[in-house]
file protein15.pdb (PDB, C-alpha atoms and all ligand atoms)
ATOM      1  CA  MET A   1     -19.606  10.892  13.025
ATOM      2  CA  ILE A   2     -16.398  10.062  11.190
ATOM      3  CA  SER A   3     -17.182   8.587   7.810
ATOM      4  CA  PHE A   4     -14.964   6.804   5.301
ATOM      5  CA  HIS A   5     -14.819   3.885   2.908
ATOM      6  CA  VAL A   6     -12.557   0.854   3.373
ATOM      7  CA  ASN A   7     -12.058  -1.264   0.264
ATOM      8  CA  GLY A   8     -15.248   0.192  -1.183
ATOM      9  CA  THR A   9     -17.459  -0.342   1.871
ATOM     10  CA  HIS A  10     -18.794   2.630   3.813
ATOM     11  CA  HIS A  11     -18.117   2.812   7.549
ATOM     12  CA  GLN A  12     -18.992   5.302  10.270
ATOM     13  CA  VAL A  13     -17.290   5.748  13.613
ATOM     14  CA  ASP A  14     -18.427   7.881  16.523
ATOM     15  CA  ASP A  15     -16.441  11.083  17.026
ATOM     16  CA  SER A  16     -15.491   9.862  20.495
ATOM     17  CA  ARG A  17     -13.192   7.318  18.827
ATOM     18  CA  GLY A  18     -11.411   9.875  16.686
ATOM     19  CA  ARG A  19      -8.066   9.453  18.439
ATOM     20  CA  GLU A  20      -7.942   5.709  17.806
ATOM     21  CA  VAL A  21      -5.451   4.792  15.121
ATOM     22  CA  LEU A  22      -6.520   3.290  11.833
ATOM     23  CA  LEU A  23      -4.558   0.079  12.325
ATOM     24  CA  ASP A  24      -6.475  -0.822  15.497
ATOM     25  CA  TYR A  25      -9.763  -0.064  13.766
ATOM     26  CA  LEU A  26      -8.919  -2.200  10.724
ATOM     27  CA  GLN A  27      -7.836  -5.168  12.803
ATOM     28  CA  GLY A  28     -10.228  -4.866  15.735
ATOM     29  CA  ASP A  29     -13.442  -3.637  14.141
ATOM     30  CA  LEU A  30     -13.202  -4.878  10.575
ATOM     31  CA  ASN A  31     -11.073  -8.003  11.130
ATOM     32  CA  LEU A  32      -8.790  -6.850   8.333
ATOM     33  CA  THR A  33      -5.554  -8.258   9.691
ATOM     34  CA  GLY A  34      -3.468  -7.969   6.537
ATOM     35  CA  THR A  35      -2.161  -4.552   7.549
ATOM     36  CA  LYS A  36       0.661  -5.299   9.976
ATOM     37  CA  LEU A  37       1.843  -3.643  13.148
ATOM     38  CA  CYS A  38       5.613  -3.704  13.297
ATOM     39  CA  CYS A  39       7.448  -0.697  14.753
ATOM     40  CA  GLY A  40       4.251   1.097  15.745
ATOM     41  CA  ILE A  41       5.961   4.478  15.640
ATOM     42  CA  GLY A  42       5.721   5.451  11.993
ATOM     43  CA  VAL A  43       9.169   4.314  10.880
ATOM     44  CA  CYS A  44       9.074   0.916   9.135
ATOM     45  CA  ARG A  45       6.006   1.402   6.899
ATOM     46  CA  ALA A  46       4.816  -2.197   7.292
ATOM     47  CA  CYS A  47       1.383  -0.752   8.075
ATOM     48  CA  THR A  48       1.070   1.304   4.873
ATOM     49  CA  VAL A  49      -2.399   1.639   3.359
ATOM     50  CA  ALA A  50      -3.622   3.767   0.450
ATOM     51  CA  VAL A  51      -5.816   6.783   1.138
ATOM     52  CA  ALA A  52      -7.620   8.951  -1.423
ATOM     53  CA  LYS A  53      -9.260  12.259  -0.587
ATOM     54  CA  GLY A  54     -12.024  14.141  -2.319
ATOM     55  CA  GLY A  55     -12.836  13.120  -5.864
ATOM     56  CA  SER A  56      -9.245  12.446  -6.841
ATOM     57  CA  PRO A  57      -8.335   8.899  -7.886
ATOM     58  CA  ALA A  58      -4.807   9.483  -6.607
ATOM     59  CA  GLU A  59      -3.997   7.557  -3.442
ATOM     60  CA  ALA A  60      -1.332   8.525  -0.936
ATOM     61  CA  PRO A  61       0.650   6.123   1.252
ATOM     62  CA  THR A  62      -0.587   6.420   4.815
ATOM     63  CA  ILE A  63       0.843   4.714   7.895
ATOM     64  CA  ALA A  64      -2.068   3.102   9.682
ATOM     65  CA  CYS A  65      -0.243   2.678  13.008
ATOM     66  CA  SER A  66       0.048   6.404  13.492
ATOM     67  CA  THR A  67      -2.973   7.892  11.717
ATOM     68  CA  PRO A  68      -5.951   8.724  13.952
ATOM     69  CA  LEU A  69      -9.433   8.106  12.615
ATOM     70  CA  HIS A  70     -10.473  11.743  12.834
ATOM     71  CA  LEU A  71      -7.979  12.589  10.078
ATOM     72  CA  LEU A  72      -9.655  10.111   7.741
ATOM     73  CA  ASP A  73     -13.135  11.596   7.593
ATOM     74  CA  GLY A  74     -14.358  11.601   4.003
ATOM     75  CA  THR A  75     -11.523   9.477   2.657
ATOM     76  CA  ARG A  76     -11.377   6.233   0.691
ATOM     77  CA  ILE A  77      -8.992   3.728   2.217
ATOM     78  CA  ARG A  78      -7.577   0.702   0.448
ATOM     79  CA  THR A  79      -5.841  -2.037   2.396
ATOM     80  CA  VAL A  80      -3.904  -5.041   1.165
ATOM     81  CA  GLU A  81      -7.154  -7.036   1.248
ATOM     82  CA  GLY A  82      -8.510  -4.674  -1.415
ATOM     83  CA  VAL A  83      -5.701  -5.095  -3.944
ATOM     84  CA  ALA A  84      -6.257  -8.498  -5.542
ATOM     85  CA  GLU A  85      -9.418  -9.280  -7.498
ATOM     86  CA  GLY A  86     -10.798 -12.291  -5.675
ATOM     87  CA  GLU A  87      -8.221 -15.054  -5.947
ATOM     88  CA  THR A  88      -6.410 -13.305  -8.791
ATOM     89  CA  LEU A  89      -3.234 -11.573  -7.691
ATOM     90  CA  THR A  90      -2.149  -8.370  -9.337
ATOM     91  CA  PRO A  91       1.008  -8.509 -11.462
ATOM     92  CA  VAL A  92       3.099  -6.933  -8.725
ATOM     93  CA  GLN A  93       1.822  -9.330  -6.067
ATOM     94  CA  ASP A  94       2.637 -12.165  -8.438
ATOM     95  CA  ALA A  95       6.076 -10.700  -9.131
ATOM     96  CA  PHE A  96       6.875 -10.451  -5.413
ATOM     97  CA  LEU A  97       6.026 -14.142  -5.112
ATOM     98  CA  ARG A  98       7.997 -15.210  -8.177
ATOM     99  CA  HIS A  99      11.053 -13.242  -7.069
ATOM    100  CA  PHE A 100      10.838 -14.599  -3.494
ATOM    101  CA  SER A 101      10.886 -10.989  -2.354
ATOM    102  CA  PHE A 102       9.731 -11.692   1.194
ATOM    103  CA  GLN A 103      10.643 -14.285   3.786
ATOM    104  CA  CYS A 104       8.612 -13.872   7.012
ATOM    105  CA  GLY A 105       6.254 -11.655   5.046
ATOM    106  CA  TYR A 106       5.636  -9.130   7.781
ATOM    107  CA  CYS A 107       6.708  -6.206   5.640
ATOM    108  CA  ALA A 108       5.006  -7.529   2.504
ATOM    109  CA  PRO A 109       1.606  -5.802   2.831
ATOM    110  CA  GLY A 110       3.329  -2.438   3.118
ATOM    111  CA  PHE A 111       5.500  -3.139   0.087
ATOM    112  CA  VAL A 112       2.441  -4.309  -1.867
ATOM    113  CA  MET A 113       0.558  -1.112  -1.071
ATOM    114  CA  ALA A 114       3.475   1.181  -1.882
ATOM    115  CA  ALA A 115       4.213  -0.692  -5.104
ATOM    116  CA  THR A 116       0.564  -0.681  -6.135
ATOM    117  CA  MET A 117       0.262   3.075  -5.666
ATOM    118  CA  PHE A 118       3.527   3.595  -7.495
ATOM    119  CA  LEU A 119       2.381   1.530 -10.483
ATOM    120  CA  ASP A 120      -0.998   3.284 -10.553
ATOM    121  CA  SER A 121       0.829   6.594 -10.640
ATOM    122  CA  LEU A 122       3.246   5.326 -13.272
ATOM    123  CA  SER A 123       0.392   4.305 -15.561
ATOM    124  CA  ARG A 124      -0.999   7.863 -15.356
ATOM    125  CA  ASN A 125       2.374   9.585 -15.581
ATOM    126  CA  PRO A 126       5.033   7.313 -17.103
ATOM    127  CA  VAL A 127       8.636   8.246 -16.390
ATOM    128  CA  PRO A 128      11.579   7.749 -18.752
ATOM    129  CA  VAL A 129      13.408   4.463 -18.240
ATOM    130  CA  ALA A 130      16.445   6.453 -17.160
ATOM    131  CA  ASP A 131      14.462   7.802 -14.204
ATOM    132  CA  LEU A 132      12.841   4.517 -13.215
ATOM    133  CA  ASP A 133      15.388   3.426 -10.626
ATOM    134  CA  SER A 134      15.132   6.640  -8.662
ATOM    135  CA  ALA A 135      11.338   6.554  -8.941
ATOM    136  CA  ILE A 136      11.290   3.036  -7.466
ATOM    137  CA  GLU A 137      13.632   4.206  -4.725
ATOM    138  CA  ASP A 138      11.231   7.028  -3.924
ATOM    139  CA  ALA A 139       8.303   4.599  -3.828
ATOM    140  CA  ILE A 140       9.671   1.790  -1.646
ATOM    141  CA  GLY A 141      13.077   2.955  -0.451
ATOM    142  CA  ALA A 142      11.811   3.949   2.991
ATOM    143  CA  HIS A 143      10.204   0.577   3.709
ATOM    144  CA  ILE A 144      12.080  -1.604   6.174
ATOM    145  CA  CYS A 145      12.411  -5.351   5.638
ATOM    146  CA  ARG A 146      14.058  -7.037   8.595
ATOM    147  CA  CYS A 147      14.639 -10.151   6.456
ATOM    148  CA  SER A 148      16.576  -8.012   3.964
ATOM    149  CA  GLY A 149      14.477  -8.710   0.880
ATOM    150  CA  TYR A 150      15.257  -5.324  -0.581
ATOM    151  CA  VAL A 151      16.964  -6.414  -3.788
ATOM    152  CA  ARG A 152      14.266  -8.915  -4.670
ATOM    153  CA  TYR A 153      11.484  -6.455  -3.927
ATOM    154  CA  TYR A 154      13.261  -3.959  -6.096
ATOM    155  CA  GLN A 155      13.828  -6.393  -8.974
ATOM    156  CA  ALA A 156      10.212  -7.564  -8.911
ATOM    157  CA  LEU A 157       8.814  -4.060  -8.921
ATOM    158  CA  ARG A 158      11.173  -2.969 -11.670
ATOM    159  CA  GLU A 159      10.029  -5.854 -13.845
ATOM    160  CA  VAL A 160       6.370  -4.834 -13.537
ATOM    161  CA  ALA A 161       7.168  -1.137 -13.838
ATOM    162  CA  MET A 162       8.924  -1.757 -17.148
ATOM    163  CA  ASP A 163       5.736  -3.392 -18.429
ATOM    164  CA  VAL A 164       3.713  -0.380 -17.308
ATOM    165  CA  ILE A 165       6.067   2.038 -19.031
ATOM    166  CA  SER A 166       5.825   0.084 -22.271
ATOM    167  CA  ASP A 167       2.019  -0.195 -22.005
ATOM    168  CA  PRO A 168       0.688   2.569 -19.737
ATOM    169  CA  GLU A 169      -2.945   1.797 -20.613
ATOM    170  CA  GLY A 170      -2.618  -1.831 -19.551
ATOM    171  CA  ASP A 171      -3.558  -3.158 -16.105
ATOM    172  CA  LYS A 172      -0.149  -3.973 -14.700
ATOM    173  CA  ALA A 173      -0.488  -2.851 -11.089
TER     174      ALA A 173
HETATM  175  S1  LIG B 201       4.139  -0.273  12.047
HETATM  176 FE1  LIG B 201       3.490   1.587  11.197
HETATM  177  S2  LIG B 201       5.320   2.493  10.452
HETATM  178 FE2  LIG B 201       6.005   0.680  11.461
HETATM  179  S1  LIG B 202      10.165 -10.450   4.729
HETATM  180 FE1  LIG B 202      10.477 -10.430   6.878
HETATM  181  S2  LIG B 202      10.511  -8.297   7.346
HETATM  182 FE2  LIG B 202      10.470  -8.355   5.193
END
call {"tool": "encode", "arguments": {"input": "protein15.pdb", "output": "structure tokens", "more": "lines below"}}
Ligand code: FES
Ligand code: FES
result
Amino acid sequence: MISFHVNGTHHQVDDSRGREVLLDYLQGDLNLTGTKLCCGIGVCRACTVAVAKGGSPAEAPTIACSTPLHLLDGTRIRTVEGVAEGETLTPVQDAFLRHFSFQCGYCAPGFVMAATMFLDSLSRNPVPVADLDSAIEDAIGAHICRCSGYVRYYQALREVAMDVISDPEGDKA
């Protein structure tokens, strides 16, 4: 059996389904439709989820459209449904809304996941302000937004990242 957690809940999948991709499993089996299929070939990153391995709290961006289930055995997966606490948005979700970062919203879950992982990492390992722009570029620069919300995504994330740098122990992700 292939075994993993999704947003804190344990799931098992028969080995015979190991070649199925994570995105189909999330949407079809778990009815978690927040993770979006866009290009489907591992380019746009709309389908990004967070995956942690072993006992490490560190999560890595993972493209759900192109990641087969057999590679996820033993992992902890977080999707966009697992970011907010109930009805309470995280600061970066709130910032994306306030800055009108997205239009159609299809890319938004991927940006939320990448930004969330970036801010988590930043709170553990703050970077100097002088390096923040390049760090943000590394975190979200490869995400494609067909509605061209790049500047507003960037501005929103920078705003929250500055808060994290000034208060790394706070909960700003
Ligand atoms: S839909 Fe997965 S990378 Fe584009
Ligand atoms: S808001 Fe439409 S693709 Fe980004």
call {"tool": "resolve_selection", "arguments": {"input": "protein15.pdb", "expression": "the PyMOL selection byres (((not hetatm)) within 8 of (chain B and resi 201))", "output": "VMD selection string"}}
result
chain A and resid 36 to 48 63 to 66
call {"tool": "residues_near_ligand", "arguments": {"input": "protein15.pdb", "ligand": "ligand LIG 202 (chain B)", "cutoff": "10 Å", "atoms": "only C-alpha atoms and all ligand atoms", "output": "PyMOL selection string"}}
result
chain A and resi 38+44+46+100-111+143-150+153
call {"tool": "residues_around", "arguments": {"input": "protein15.pdb", "residues": "Ile140 of chain A", "least_positions_apart": "4", "cutoff": "7 Å", "atoms": "all atoms listed in the file", "output": "ChimeraX atom specification"}}
result
/A:111,114-115,136
call {"tool": "atom_distance", "arguments": {"input": "protein15.pdb", "atom1": "atom CA of Asn31 of chain A", "atom2": "atom CA of Ala52 of chain A"}}
result
21.4 Å
call {"tool": "resolve_selection", "arguments": {"input": "protein15.pdb", "expression": "the PyMOL selection byres (((chain A and resi 55-58) around 10) and not hetatm)", "output": "ChimeraX atom specification"}}
result
/A:50-54,59-60,75-76,117,120-121,124
call {"tool": "resolve_selection", "arguments": {"input": "protein15.pdb", "expression": "the PyMOL selection byres (((chain A and resi 88-92) around 8) and not hetatm)", "output": "ChimeraX atom specification"}}
result
/A:83-87,93-96,112,115-116,156-157,160,172-173
call {"tool": "atom_distance", "arguments": {"input": "protein15.pdb", "atom1": "atom CA of Pro61 of chain A", "atom2": "atom CA of Glu159 of chain A"}}
result
21.4 Å
call {"tool": "atom_distance", "arguments": {"input": "protein15.pdb", "atom1": "atom CA of Tyr154 of chain A", "atom2": "atom CA of Val49 of chain A"}}
result
19.1 Å
call {"tool": "closest_residue", "arguments": {"input": "protein15.pdb", "among": "A:Val127, A:Ala135, A:Leu71, A:Leu30", "to": "Asp15 of chain A", "atoms": "all atoms listed in the file"}}
result
A:Leu71
call {"tool": "closest_residue", "arguments": {"input": "protein15.pdb", "among": "A:Asp131, A:Asp24, A:Asp167, A:Glu81", "to": "Met113 of chain A", "atoms": "all atoms listed in the file"}}
result
A:Glu81
call {"tool": "residues_around", "arguments": {"input": "protein15.pdb", "residues": "Tyr25 of chain A", "least_positions_apart": "6", "cutoff": "12 Å", "atoms": "only C-alpha atoms", "output": "VMD selection string"}}
result
chain A and resid 6 11 to 13 17 to 19 31 to 33 35 64 to 70 72
call {"tool": "closest_residue", "arguments": {"input": "protein15.pdb", "among": "A:His99, A:Asp29, A:Gly74, A:Gly82", "to": "Arg152 of chain A", "atoms": "all atoms listed in the file"}}
result
A:His99
call {"tool": "build_atoms", "arguments": {"input": "protein15.pdb", "residues": "segment 111-138 of chain A", "atoms": "N, CA and C atoms", "output": "PDB file, keeping the file's coordinate frame"}}
result
ATOM      1  N   PHE A 111       4.858  -3.216   1.405  1.00  0.00           N
ATOM      2  CA  PHE A 111       5.500  -3.139   0.087  1.00  0.00           C
ATOM      3  C   PHE A 111       4.457  -3.268  -1.024  1.00  0.00           C
ATOM      4  N   VAL A 112       3.489  -4.153  -0.844  1.00  0.00           N
ATOM      5  CA  VAL A 112       2.441  -4.309  -1.867  1.00  0.00           C
ATOM      6  C   VAL A 112       1.686  -2.997  -2.056  1.00  0.00           C
ATOM      7  N   MET A 113       1.333  -2.354  -0.945  1.00  0.00           N
ATOM      8  CA  MET A 113       0.558  -1.112  -1.071  1.00  0.00           C
ATOM      9  C   MET A 113       1.389  -0.012  -1.725  1.00  0.00           C
ATOM     10  N   ALA A 114       2.626   0.143  -1.294  1.00  0.00           N
ATOM     11  CA  ALA A 114       3.475   1.181  -1.882  1.00  0.00           C
ATOM     12  C   ALA A 114       3.707   0.916  -3.364  1.00  0.00           C
ATOM     13  N   ALA A 115       3.965  -0.346  -3.703  1.00  0.00           N
ATOM     14  CA  ALA A 115       4.213  -0.692  -5.104  1.00  0.00           C
ATOM     15  C   ALA A 115       2.961  -0.491  -5.951  1.00  0.00           C
ATOM     16  N   THR A 116       1.822  -0.841  -5.395  1.00  0.00           N
ATOM     17  CA  THR A 116       0.564  -0.681  -6.135  1.00  0.00           C
ATOM     18  C   THR A 116       0.294   0.786  -6.432  1.00  0.00           C
ATOM     19  N   MET A 117       0.467   1.639  -5.440  1.00  0.00           N
ATOM     20  CA  MET A 117       0.262   3.075  -5.666  1.00  0.00           C
ATOM     21  C   MET A 117       1.273   3.623  -6.662  1.00  0.00           C
ATOM     22  N   PHE A 118       2.498   3.153  -6.563  1.00  0.00           N
ATOM     23  CA  PHE A 118       3.527   3.595  -7.495  1.00  0.00           C
ATOM     24  C   PHE A 118       3.162   3.224  -8.930  1.00  0.00           C
ATOM     25  N   LEU A 119       2.714   1.986  -9.129  1.00  0.00           N
ATOM     26  CA  LEU A 119       2.381   1.530 -10.483  1.00  0.00           C
ATOM     27  C   LEU A 119       1.135   2.246 -11.010  1.00  0.00           C
ATOM     28  N   ASP A 120       0.173   2.495 -10.143  1.00  0.00           N
ATOM     29  CA  ASP A 120      -0.998   3.284 -10.553  1.00  0.00           C
ATOM     30  C   ASP A 120      -0.551   4.661 -11.044  1.00  0.00           C
ATOM     31  N   SER A 121       0.320   5.270 -10.272  1.00  0.00           N
ATOM     32  CA  SER A 121       0.829   6.594 -10.640  1.00  0.00           C
ATOM     33  C   SER A 121       1.625   6.532 -11.939  1.00  0.00           C
ATOM     34  N   LEU A 122       2.415   5.476 -12.076  1.00  0.00           N
ATOM     35  CA  LEU A 122       3.246   5.326 -13.272  1.00  0.00           C
ATOM     36  C   LEU A 122       2.384   5.165 -14.529  1.00  0.00           C
ATOM     37  N   SER A 123       1.252   4.486 -14.390  1.00  0.00           N
ATOM     38  CA  SER A 123       0.392   4.305 -15.561  1.00  0.00           C
ATOM     39  C   SER A 123      -0.242   5.626 -15.984  1.00  0.00           C
ATOM     40  N   ARG A 124      -0.451   6.529 -15.010  1.00  0.00           N
ATOM     41  CA  ARG A 124      -0.999   7.863 -15.356  1.00  0.00           C
ATOM     42  C   ARG A 124       0.093   8.791 -15.848  1.00  0.00           C
ATOM     43  N   ASN A 125       1.255   8.691 -15.246  1.00  0.00           N
ATOM     44  CA  ASN A 125       2.374   9.585 -15.581  1.00  0.00           C
ATOM     45  C   ASN A 125       3.654   8.774 -15.751  1.00  0.00           C
ATOM     46  N   PRO A 126       3.818   8.130 -16.900  1.00  0.00           N
ATOM     47  CA  PRO A 126       5.033   7.313 -17.103  1.00  0.00           C
ATOM     48  C   PRO A 126       6.301   8.157 -16.996  1.00  0.00           C
ATOM     49  N   VAL A 127       7.350   7.562 -16.468  1.00  0.00           N
ATOM     50  CA  VAL A 127       8.636   8.246 -16.390  1.00  0.00           C
ATOM     51  C   VAL A 127       9.573   7.615 -17.411  1.00  0.00           C
ATOM     52  N   PRO A 128      10.576   8.349 -17.865  1.00  0.00           N
ATOM     53  CA  PRO A 128      11.579   7.749 -18.752  1.00  0.00           C
ATOM     54  C   PRO A 128      12.286   6.601 -18.045  1.00  0.00           C
ATOM     55  N   VAL A 129      12.709   5.618 -18.823  1.00  0.00           N
ATOM     56  CA  VAL A 129      13.408   4.463 -18.240  1.00  0.00           C
ATOM     57  C   VAL A 129      14.610   4.923 -17.409  1.00  0.00           C
ATOM     58  N   ALA A 130      15.256   5.973 -17.876  1.00  0.00           N
ATOM     59  CA  ALA A 130      16.445   6.453 -17.160  1.00  0.00           C
ATOM     60  C   ALA A 130      16.107   6.932 -15.746  1.00  0.00           C
ATOM     61  N   ASP A 131      14.858   7.303 -15.531  1.00  0.00           N
ATOM     62  CA  ASP A 131      14.462   7.802 -14.204  1.00  0.00           C
ATOM     63  C   ASP A 131      13.781   6.735 -13.350  1.00  0.00           C
ATOM     64  N   LEU A 132      13.643   5.529 -13.905  1.00  0.00           N
ATOM     65  CA  LEU A 132      12.841   4.517 -13.215  1.00  0.00           C
ATOM     66  C   LEU A 132      13.463   4.087 -11.895  1.00  0.00           C
ATOM     67  N   ASP A 133      14.767   3.896 -11.865  1.00  0.00           N
ATOM     68  CA  ASP A 133      15.388   3.426 -10.626  1.00  0.00           C
ATOM     69  C   ASP A 133      15.169   4.401  -9.473  1.00  0.00           C
ATOM     70  N   SER A 134      15.332   5.672  -9.748  1.00  0.00           N
ATOM     71  CA  SER A 134      15.132   6.640  -8.662  1.00  0.00           C
ATOM     72  C   SER A 134      13.659   6.734  -8.282  1.00  0.00           C
ATOM     73  N   ALA A 135      12.768   6.527  -9.253  1.00  0.00           N
ATOM     74  CA  ALA A 135      11.338   6.554  -8.941  1.00  0.00           C
ATOM     75  C   ALA A 135      10.961   5.378  -8.040  1.00  0.00           C
ATOM     76  N   ILE A 136      11.546   4.201  -8.325  1.00  0.00           N
ATOM     77  CA  ILE A 136      11.290   3.036  -7.466  1.00  0.00           C
ATOM     78  C   ILE A 136      11.857   3.286  -6.067  1.00  0.00           C
ATOM     79  N   GLU A 137      13.036   3.878  -6.027  1.00  0.00           N
ATOM     80  CA  GLU A 137      13.632   4.206  -4.725  1.00  0.00           C
ATOM     81  C   GLU A 137      12.723   5.136  -3.931  1.00  0.00           C
ATOM     82  N   ASP A 138      12.152   6.120  -4.607  1.00  0.00           N
ATOM     83  CA  ASP A 138      11.231   7.028  -3.924  1.00  0.00           C
ATOM     84  C   ASP A 138      10.007   6.283  -3.395  1.00  0.00           C
TER      85      ASP A 138
END
